[in-house]
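First the structure, in the form of structure tokens, and then the observations on it.
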Amino acid sequence: MGPAPQVRGPVLIWACTCTLPLALVLESRQRPSRIPRHFERTRRLIYCPSIMRVLTTLLLLGGLTVACGEDGAAHARKVVRETHAIEVRSLIRDDIDRHLVGVTAAGARVVPGFLVADAVQRGSQMRTGLRLLTKPPRGIPQLIVSARTFTAAVEPSGVVLATDAKPEIDRMTGIDLAKQFAVVRDALAGKAGYAVDQFPAIEKGAEGSVSLLFAGPSIKAGTTVGAVLTGIPLWRLSQRLTKQLQLDHVSEKGAILWVYLLRGDKLHHFGTPPDLDSALPSAAERASSLKKSPGGYTGEFLQFGRWYAYGVVPLPRLAADIAALIVRADPS
């Protein structure tokens with residue numbers, strides 16, 4: 001990052017406050033003595049307010065320049081490093097723990113649905129059962145309050161039996177997810193777990209959703225009869241982290257907070273200001289900085305006269321190639 005801009009406001013104001021009176025003195029000396037007095041009074045009435053407006057404008061400009069400060073975003077960087085980084089890691093840890101509890105409970109709850117003999121009835125009943133898992137009053141608390149976007153029941157074959165989506169928009173039923181995801185294979189082997197993975201692209205040329213997946217087994221008398229899978233896309237997780245930080249720091253009137261998630265060279269986010277997106281360090285800059293500082297780093301940039309700090313925080317609890325990019329601007 002380059003040095004903070006030099007404060008030029010006071011110098012500019014001093015120069016103008018010195019130069020303008022001198023110009024008026026010189027002008028008064030060159031003024032013809034035969035100008036009638038009533039014209040002279042009119043002239044002063046016209047010039048004095050104009051001069052005051054000029055001086056007021058210069059003072060305001062000088063104040064705006066000074067407001068940028070020579071310290072840049074030093075304080076905001078410290079808050080990102082010492083407060084927000086810890087908060088984000090804690091939120092990720094809690095989300096993982098809660099969803100593992102939730103998906104394990106869900107797997108146990110839907111065991112009877114996997115045992116229905118008729119295939120059509122089994123799918124229909126399972127779809128209803130999955131929806132009830134995420135709704136009060138009998139739903140599973142960890143899945144009711146969640147950023148998840150889907151819940152699916154997977155048969156022992158690895159094929160999705162049903163999801164909680166409406167049939168007309170369900171694109172997952174009938175897909176072999178065990179073939180796609182190790183976390184599903186582990187659940188069908190009796191072990192609950194989580195992983196970040198990418199779904200196959202739905203449309204040709206498009207990218208599949210990258211999601212944090214949780215899977216839990218459905219076990220009957222020691223035999224795995226199926227599994228439950230739920231997931232949070234990284235863009236949705238980014239949104240959830242942003243909202244939580246904004247809520248936790250609502251007392252900081254005027255502070256700006258956003259959380260992006262990085263997976264490799266890709267940024268995952270939703271609803272962030274486009275101007276802010278374009279001001280962030282490039283993928284090459286992020287990779288270079290993380291190579292020098294694998295534990296994370298902070299930086300800053302100036303945009304529209306306001307300093308922003310950012311911190312790149314690795315999140316190994318999610319995966320080795322995932323990090324949070326936290327952006328903060330102090331209250332103005």
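Following the order of the structure tokens, first chain is A, next is B, and so on, with residues numbered from 1 inside each chain and ligands from 1 in the order they appear.
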
Name the residues in contact with Ala147 of chain A at a cut-off of 9 Å, using only C-alpha atoms, excluding same-chain residues fewer than 4 positions from it; report them as JSON, numbers by chain.
{"A": [143, 231, 232, 233, 236, 237, 239, 240]}

Restricting the output to N, CA, C and O atoms, write the selected residues as a PDB file, in the first residue's frame.
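The result, stored in out16.pdb:
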ATOM      1  N   LEU A 143     -31.293 -26.852  12.773  1.00  0.00           N
ATOM      2  CA  LEU A 143     -31.602 -26.719  11.352  1.00  0.00           C
ATOM      3  C   LEU A 143     -32.673 -25.666  11.093  1.00  0.00           C
ATOM      4  O   LEU A 143     -32.825 -25.204   9.957  1.00  0.00           O
ATOM      5  N   GLY A 231     -26.786 -28.449   3.281  1.00  0.00           N
ATOM      6  CA  GLY A 231     -25.656 -27.655   2.805  1.00  0.00           C
ATOM      7  C   GLY A 231     -25.891 -26.156   2.837  1.00  0.00           C
ATOM      8  O   GLY A 231     -27.033 -25.687   2.749  1.00  0.00           O
ATOM      9  N   ILE A 232     -24.792 -25.424   2.973  1.00  0.00           N
ATOM     10  CA  ILE A 232     -24.797 -23.961   2.965  1.00  0.00           C
ATOM     11  C   ILE A 232     -23.840 -23.496   1.871  1.00  0.00           C
ATOM     12  O   ILE A 232     -22.629 -23.694   2.000  1.00  0.00           O
ATOM     13  N   PRO A 233     -24.330 -22.894   0.794  1.00  0.00           N
ATOM     14  CA  PRO A 233     -23.408 -22.350  -0.219  1.00  0.00           C
ATOM     15  C   PRO A 233     -22.485 -21.306   0.408  1.00  0.00           C
ATOM     16  O   PRO A 233     -22.877 -20.602   1.346  1.00  0.00           O
ATOM     17  N   ARG A 236     -23.810 -17.878   0.711  1.00  0.00           N
ATOM     18  CA  ARG A 236     -24.796 -17.734   1.777  1.00  0.00           C
ATOM     19  C   ARG A 236     -24.107 -17.661   3.145  1.00  0.00           C
ATOM     20  O   ARG A 236     -24.536 -16.923   4.040  1.00  0.00           O
ATOM     21  N   LEU A 237     -23.038 -18.427   3.303  1.00  0.00           N
ATOM     22  CA  LEU A 237     -22.278 -18.379   4.551  1.00  0.00           C
ATOM     23  C   LEU A 237     -21.616 -17.019   4.715  1.00  0.00           C
ATOM     24  O   LEU A 237     -21.566 -16.465   5.815  1.00  0.00           O
ATOM     25  N   GLN A 239     -22.767 -14.218   3.563  1.00  0.00           N
ATOM     26  CA  GLN A 239     -23.867 -13.319   3.932  1.00  0.00           C
ATOM     27  C   GLN A 239     -24.221 -13.473   5.409  1.00  0.00           C
ATOM     28  O   GLN A 239     -24.465 -12.488   6.114  1.00  0.00           O
ATOM     29  N   ARG A 240     -24.259 -14.704   5.892  1.00  0.00           N
ATOM     30  CA  ARG A 240     -24.580 -14.960   7.296  1.00  0.00           C
ATOM     31  C   ARG A 240     -23.522 -14.346   8.221  1.00  0.00           C
ATOM     32  O   ARG A 240     -23.840 -13.742   9.247  1.00  0.00           O
TER      33      ARG A 240
END

All residues 12 Å or closer to segment 130-139 of chain A, only C-alpha atoms, same chain fewer than 5 positions away omitted, as JSON, numbers by chain:
{"A": [102, 103, 104, 105, 106, 107, 108, 109, 110, 111, 113, 114, 123, 124, 125, 144, 145, 146, 147, 148, 149, 150, 151, 152, 153, 154, 161, 162, 163, 164, 165, 166, 227, 228, 229, 230]}

Kindly provide the residues of segment 82-177 of chain A that approach segment 253-267 of chain A to within 12 Å, each paired with its closest atom pair and their distance in Å to one decimal, based on only C-alpha atoms, listed by chain and increasing number, as a tab-separated table.
residue	atom	partner	partner_atom	distance
A:His84	CA	A:Leu257	CA	9.5
A:Ala85	CA	A:Val259	CA	10.2
A:Glu87	CA	A:Val259	CA	11.3
A:Val88	CA	A:Val259	CA	8.7
A:Arg89	CA	A:Val259	CA	11.8
A:Ile92	CA	A:Leu261	CA	11.5

Measure the distance from atom CA of Gln121 of chain A to atom CA of Ile140 of chain A in Å and round it to one decimal.
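So the answer is 23.5 Å.
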
Could you tell me how far atom CA of Ile326 of chain A sits from atom CA of Ser278 of chain A, in Å to one decimal place?
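These atoms are spaced 14.6 Å apart.
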
Shell around Val210 of chain A at 8 Å using only C-alpha atoms, local window under 2 positions removed, as a list in words
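Answer for this query is Val196, Asp197, Gln198, Phe199, Gly208, Leu212, Pro233 and Leu234 of chain A.
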
Output N, CA and C atoms for every residue in that selection, as a compact mmCIF listing (two decimals), in the first residue's frame.
# COMPACT_ATOMS: atom_id res chain seq x y z
N VAL A 196 -16.27 -29.05 2.54
CA VAL A 196 -16.59 -28.06 1.51
C VAL A 196 -16.35 -28.72 0.16
N ASP A 197 -17.38 -28.71 -0.68
CA ASP A 197 -17.25 -29.36 -1.99
C ASP A 197 -18.11 -28.62 -3.00
N GLN A 198 -17.93 -28.97 -4.26
CA GLN A 198 -18.63 -28.27 -5.34
C GLN A 198 -19.57 -29.21 -6.08
N PHE A 199 -20.81 -28.75 -6.24
CA PHE A 199 -21.80 -29.52 -6.99
C PHE A 199 -21.47 -29.45 -8.48
N GLY A 208 -20.74 -24.97 -10.79
CA GLY A 208 -21.60 -25.53 -9.76
C GLY A 208 -21.40 -24.81 -8.44
N LEU A 212 -20.75 -25.72 1.92
CA LEU A 212 -20.34 -26.42 3.13
C LEU A 212 -21.39 -27.48 3.39
N PRO A 233 -24.33 -22.89 0.79
CA PRO A 233 -23.41 -22.35 -0.22
C PRO A 233 -22.48 -21.31 0.41
N LEU A 234 -21.27 -21.20 -0.09
CA LEU A 234 -20.32 -20.26 0.50
C LEU A 234 -20.80 -18.82 0.40

Skip Ala187 of chain A itself and residues of its chain fewer than 3 positions away, then list as a PyMOL selection string all residues within 8 Å of it, counting only C-alpha atoms.
chain A and resi 183-184+190-193+215-217+227

What would the file look like if the residues just selected were written as a short mmCIF file (atom, residue, chain, number, x, y, z; two decimals), in the first residue's frame with all heavy atoms?
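The result, stored in part_35.cif:
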data_model
loop_
_atom_site.label_atom_id
_atom_site.label_comp_id
_atom_site.auth_asym_id
_atom_site.auth_seq_id
_atom_site.Cartn_x
_atom_site.Cartn_y
_atom_site.Cartn_z
N VAL A 183 -18.14 -37.02 1.77
CA VAL A 183 -18.87 -36.86 3.03
C VAL A 183 -20.16 -37.67 3.02
O VAL A 183 -20.59 -38.17 4.07
CB VAL A 183 -19.14 -35.36 3.30
CG1 VAL A 183 -20.18 -34.79 2.33
CG2 VAL A 183 -19.58 -35.13 4.73
N VAL A 184 -20.77 -37.86 1.85
CA VAL A 184 -21.98 -38.69 1.75
C VAL A 184 -21.60 -40.16 1.88
O VAL A 184 -22.29 -40.93 2.58
CB VAL A 184 -22.70 -38.43 0.41
CG1 VAL A 184 -23.87 -39.40 0.24
CG2 VAL A 184 -23.20 -37.00 0.35
N GLY A 190 -21.85 -44.84 8.13
CA GLY A 190 -22.16 -44.71 9.55
C GLY A 190 -21.47 -43.58 10.28
O GLY A 190 -21.59 -43.47 11.50
N LYS A 191 -20.79 -42.67 9.56
CA LYS A 191 -20.03 -41.61 10.22
C LYS A 191 -20.53 -40.23 9.78
O LYS A 191 -20.53 -39.92 8.59
CB LYS A 191 -18.54 -41.74 9.87
CG LYS A 191 -17.67 -40.67 10.46
CD LYS A 191 -16.24 -40.83 9.98
CE LYS A 191 -15.34 -39.69 10.47
NZ LYS A 191 -13.96 -39.80 9.92
N ALA A 192 -20.94 -39.41 10.73
CA ALA A 192 -21.35 -38.03 10.42
C ALA A 192 -20.11 -37.18 10.16
O ALA A 192 -19.04 -37.42 10.74
CB ALA A 192 -22.15 -37.44 11.58
N GLY A 193 -20.27 -36.19 9.29
CA GLY A 193 -19.12 -35.34 8.99
C GLY A 193 -19.51 -34.13 8.17
O GLY A 193 -20.69 -33.91 7.87
N ALA A 215 -23.36 -34.21 6.59
CA ALA A 215 -24.08 -35.46 6.34
C ALA A 215 -24.09 -36.31 7.61
O ALA A 215 -23.08 -36.39 8.32
CB ALA A 215 -23.44 -36.23 5.19
N GLY A 216 -25.26 -36.91 7.89
CA GLY A 216 -25.39 -37.78 9.06
C GLY A 216 -26.10 -39.07 8.68
O GLY A 216 -27.01 -39.06 7.84
N PRO A 217 -25.71 -40.18 9.28
CA PRO A 217 -26.30 -41.48 8.92
C PRO A 217 -27.66 -41.70 9.56
O PRO A 217 -27.98 -41.15 10.61
CB PRO A 217 -25.28 -42.48 9.47
CG PRO A 217 -24.68 -41.77 10.66
CD PRO A 217 -24.65 -40.31 10.30
N ALA A 227 -29.05 -41.73 4.68
CA ALA A 227 -28.32 -40.60 5.27
C ALA A 227 -29.06 -39.31 4.94
O ALA A 227 -29.85 -39.25 4.00
CB ALA A 227 -26.90 -40.54 4.72
#

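Checking A:Ala284, A:Ala279, A:Gly299, A:Tyr194 one by one against Ala319 of chain A, counting only C-alpha atoms, you find the shortest gap at A:Tyr194.
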
Strand (DSSP E) call set, DSSP backbone run, segment 116-246 of chain A, as a VMD selection string:
chain A and resid 150 to 154 160 to 163 193 to 198 210 to 220 223 to 233

May I ask which of the residues A:Arg286, A:Lys204, A:Arg93, A:Arg127 is the closest one to Thr298 of chain A, counting only C-alpha atoms?
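Looking only at the distances to Thr298 of chain A, the closest residue turns out to be A:Arg286.
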
Based on DSSP run over this structure's backbone, return all residues of segment 85-299 of chain A in alpha helix (DSSP H), as a PDB file with C-alpha atoms, in the first residue's frame.
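Below you can see selection38.pdb, which holds the result:
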ATOM      1  CA  ALA A  85     -10.858 -12.288  12.871  1.00  0.00           C
ATOM      2  CA  ILE A  86     -11.535 -13.976  16.207  1.00  0.00           C
ATOM      3  CA  GLU A  87     -15.294 -13.418  15.846  1.00  0.00           C
ATOM      4  CA  VAL A  88     -15.432 -14.967  12.365  1.00  0.00           C
ATOM      5  CA  ARG A  89     -13.430 -18.017  13.396  1.00  0.00           C
ATOM      6  CA  SER A  90     -15.670 -18.466  16.417  1.00  0.00           C
ATOM      7  CA  LEU A  91     -18.824 -18.213  14.279  1.00  0.00           C
ATOM      8  CA  ILE A  92     -17.475 -20.805  11.841  1.00  0.00           C
ATOM      9  CA  ARG A  93     -16.614 -23.169  14.685  1.00  0.00           C
ATOM     10  CA  ASP A  94     -20.058 -22.785  16.256  1.00  0.00           C
ATOM     11  CA  ASP A  95     -21.846 -23.235  12.919  1.00  0.00           C
ATOM     12  CA  ILE A  96     -19.970 -26.459  12.217  1.00  0.00           C
ATOM     13  CA  ASP A  97     -20.639 -27.867  15.676  1.00  0.00           C
ATOM     14  CA  ARG A  98     -24.345 -26.944  15.578  1.00  0.00           C
ATOM     15  CA  HIS A  99     -24.946 -28.384  12.121  1.00  0.00           C
ATOM     16  CA  LEU A 100     -23.197 -31.645  12.984  1.00  0.00           C
ATOM     17  CA  VAL A 101     -25.558 -32.016  15.944  1.00  0.00           C
ATOM     18  CA  GLY A 102     -28.501 -31.095  13.728  1.00  0.00           C
ATOM     19  CA  VAL A 103     -27.739 -33.427  10.844  1.00  0.00           C
ATOM     20  CA  THR A 104     -27.047 -36.332  13.221  1.00  0.00           C
ATOM     21  CA  ALA A 105     -30.450 -35.744  14.864  1.00  0.00           C
ATOM     22  CA  ALA A 106     -32.072 -35.491  11.424  1.00  0.00           C
ATOM     23  CA  GLY A 107     -30.587 -38.801  10.344  1.00  0.00           C
ATOM     24  CA  ALA A 108     -32.100 -40.496  13.386  1.00  0.00           C
ATOM     25  CA  ARG A 109     -35.459 -38.742  12.941  1.00  0.00           C
ATOM     26  CA  VAL A 111     -35.196 -43.609   9.834  1.00  0.00           C
ATOM     27  CA  PRO A 112     -38.868 -44.736   9.505  1.00  0.00           C
ATOM     28  CA  GLY A 113     -39.133 -42.940   6.163  1.00  0.00           C
ATOM     29  CA  PHE A 114     -36.353 -45.058   4.649  1.00  0.00           C
ATOM     30  CA  ALA A 119     -40.933 -46.445  -3.589  1.00  0.00           C
ATOM     31  CA  VAL A 120     -43.391 -43.683  -4.557  1.00  0.00           C
ATOM     32  CA  GLN A 121     -44.870 -43.481  -1.080  1.00  0.00           C
ATOM     33  CA  ARG A 122     -41.372 -43.584   0.427  1.00  0.00           C
ATOM     34  CA  GLY A 123     -40.291 -40.568  -1.608  1.00  0.00           C
ATOM     35  CA  SER A 124     -43.463 -38.613  -0.868  1.00  0.00           C
ATOM     36  CA  GLN A 125     -43.362 -39.254   2.875  1.00  0.00           C
ATOM     37  CA  MET A 126     -39.669 -38.463   3.044  1.00  0.00           C
ATOM     38  CA  ARG A 127     -40.164 -35.115   1.301  1.00  0.00           C
ATOM     39  CA  THR A 128     -42.774 -34.165   3.891  1.00  0.00           C
ATOM     40  CA  GLY A 129     -40.573 -35.395   6.729  1.00  0.00           C
ATOM     41  CA  LEU A 130     -37.596 -33.352   5.529  1.00  0.00           C
ATOM     42  CA  ARG A 131     -39.671 -30.173   5.473  1.00  0.00           C
ATOM     43  CA  LEU A 132     -40.858 -30.757   9.030  1.00  0.00           C
ATOM     44  CA  LEU A 133     -37.253 -31.102  10.193  1.00  0.00           C
ATOM     45  CA  PRO A 141     -33.406 -26.364  16.433  1.00  0.00           C
ATOM     46  CA  GLN A 142     -29.976 -26.473  14.787  1.00  0.00           C
ATOM     47  CA  LEU A 143     -31.602 -26.719  11.352  1.00  0.00           C
ATOM     48  CA  ILE A 144     -34.423 -24.231  11.970  1.00  0.00           C
ATOM     49  CA  LEU A 177     -24.392 -37.878  -4.594  1.00  0.00           C
ATOM     50  CA  ALA A 178     -22.296 -40.653  -3.039  1.00  0.00           C
ATOM     51  CA  LYS A 179     -20.406 -40.731  -6.305  1.00  0.00           C
ATOM     52  CA  GLN A 180     -19.820 -36.986  -6.041  1.00  0.00           C
ATOM     53  CA  ALA A 182     -16.878 -38.321   0.120  1.00  0.00           C
ATOM     54  CA  VAL A 183     -18.866 -36.861   3.027  1.00  0.00           C
ATOM     55  CA  VAL A 184     -21.975 -38.692   1.746  1.00  0.00           C
ATOM     56  CA  ARG A 185     -20.056 -41.955   1.394  1.00  0.00           C
ATOM     57  CA  ASP A 186     -18.821 -41.558   4.981  1.00  0.00           C
ATOM     58  CA  ALA A 187     -22.362 -40.982   6.248  1.00  0.00           C
ATOM     59  CA  LEU A 188     -23.609 -44.086   4.452  1.00  0.00           C
ATOM     60  CA  LEU A 234     -20.318 -20.263   0.504  1.00  0.00           C
ATOM     61  CA  TRP A 235     -22.031 -17.106  -0.774  1.00  0.00           C
ATOM     62  CA  ARG A 236     -24.796 -17.734   1.777  1.00  0.00           C
ATOM     63  CA  LEU A 237     -22.278 -18.379   4.551  1.00  0.00           C
ATOM     64  CA  SER A 238     -20.540 -15.118   3.643  1.00  0.00           C
ATOM     65  CA  GLN A 239     -23.867 -13.319   3.932  1.00  0.00           C
ATOM     66  CA  ARG A 240     -24.580 -14.960   7.296  1.00  0.00           C
ATOM     67  CA  LEU A 241     -21.166 -13.900   8.692  1.00  0.00           C
ATOM     68  CA  THR A 242     -21.650 -10.339   7.443  1.00  0.00           C
ATOM     69  CA  LYS A 243     -25.079  -9.986   9.038  1.00  0.00           C
ATOM     70  CA  GLN A 244     -23.885 -11.418  12.341  1.00  0.00           C
ATOM     71  CA  LEU A 245     -20.899  -9.054  12.550  1.00  0.00           C
ATOM     72  CA  GLN A 246     -23.083  -6.090  11.616  1.00  0.00           C
ATOM     73  CA  LEU A 247     -25.562  -7.085  14.325  1.00  0.00           C
ATOM     74  CA  ASP A 248     -22.857  -7.601  16.941  1.00  0.00           C
ATOM     75  CA  PRO A 274     -19.761  -3.456  -6.504  1.00  0.00           C
ATOM     76  CA  ASP A 275     -17.461  -0.465  -5.885  1.00  0.00           C
ATOM     77  CA  LEU A 276     -16.113  -2.224  -2.814  1.00  0.00           C
ATOM     78  CA  ASP A 277     -15.674  -5.505  -4.714  1.00  0.00           C
ATOM     79  CA  SER A 278     -13.529  -3.766  -7.320  1.00  0.00           C
ATOM     80  CA  ALA A 279     -11.314  -2.110  -4.689  1.00  0.00           C
ATOM     81  CA  ALA A 283      -6.271 -12.896  -6.589  1.00  0.00           C
ATOM     82  CA  ALA A 284      -2.581 -12.592  -7.464  1.00  0.00           C
ATOM     83  CA  GLU A 285      -2.018 -10.030  -4.695  1.00  0.00           C
ATOM     84  CA  ARG A 286      -3.836 -12.209  -2.175  1.00  0.00           C
ATOM     85  CA  ALA A 287      -1.842 -15.281  -3.130  1.00  0.00           C
ATOM     86  CA  SER A 288       1.452 -13.386  -2.911  1.00  0.00           C
ATOM     87  CA  SER A 289       0.616 -11.899   0.496  1.00  0.00           C
ATOM     88  CA  LEU A 290      -0.564 -15.234   1.915  1.00  0.00           C
ATOM     89  CA  LYS A 291       2.646 -16.846   0.735  1.00  0.00           C
ATOM     90  CA  LYS A 292       4.596 -14.284   2.748  1.00  0.00           C
TER      91      LYS A 292
END

Which polymer residues have any atom within 9 Å of an atom of Phe301 of chain A, counting only C-alpha atoms, with same-chain residues fewer than 3 positions away left out, as a CSV table (one decimal) with N, CA and C atoms, in the first residue's frame?
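File produced: part_33.csv:
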chain,number,residue,atom,x,y,z
A,1,MET,N,0.8,-1.2,0.0
A,1,MET,CA,0.0,0.0,0.0
A,1,MET,C,0.9,1.2,0.0
A,2,GLY,N,0.5,2.3,-0.8
A,2,GLY,CA,1.2,3.5,-0.8
A,2,GLY,C,1.0,4.3,0.4
A,72,GLY,N,-4.2,6.7,8.0
A,72,GLY,CA,-5.0,5.8,7.2
A,72,GLY,C,-6.0,5.0,8.0
A,73,ALA,N,-5.9,3.6,7.8
A,73,ALA,CA,-6.9,2.7,8.4
A,73,ALA,C,-6.2,1.9,9.5
A,279,ALA,N,-12.4,-2.7,-5.4
A,279,ALA,CA,-11.3,-2.1,-4.7
A,279,ALA,C,-10.5,-3.1,-3.9
A,280,LEU,N,-11.0,-4.4,-3.8
A,280,LEU,CA,-10.3,-5.4,-3.1
A,280,LEU,C,-9.0,-5.8,-3.8
A,306,ARG,N,-12.7,7.8,2.0
A,306,ARG,CA,-12.8,7.1,3.3
A,306,ARG,C,-11.9,5.9,3.3
A,307,TRP,N,-11.2,5.7,4.4
A,307,TRP,CA,-10.3,4.6,4.5
A,307,TRP,C,-11.0,3.3,4.9
A,308,TYR,N,-10.6,2.2,4.2
A,308,TYR,CA,-11.1,0.9,4.5
A,308,TYR,C,-9.9,0.0,4.9
A,309,ALA,N,-10.1,-0.8,5.9
A,309,ALA,CA,-9.1,-1.9,6.2
A,309,ALA,C,-9.7,-3.2,5.8
A,310,TYR,N,-8.8,-4.2,5.5
A,310,TYR,CA,-9.2,-5.5,5.2
A,310,TYR,C,-8.3,-6.5,5.8
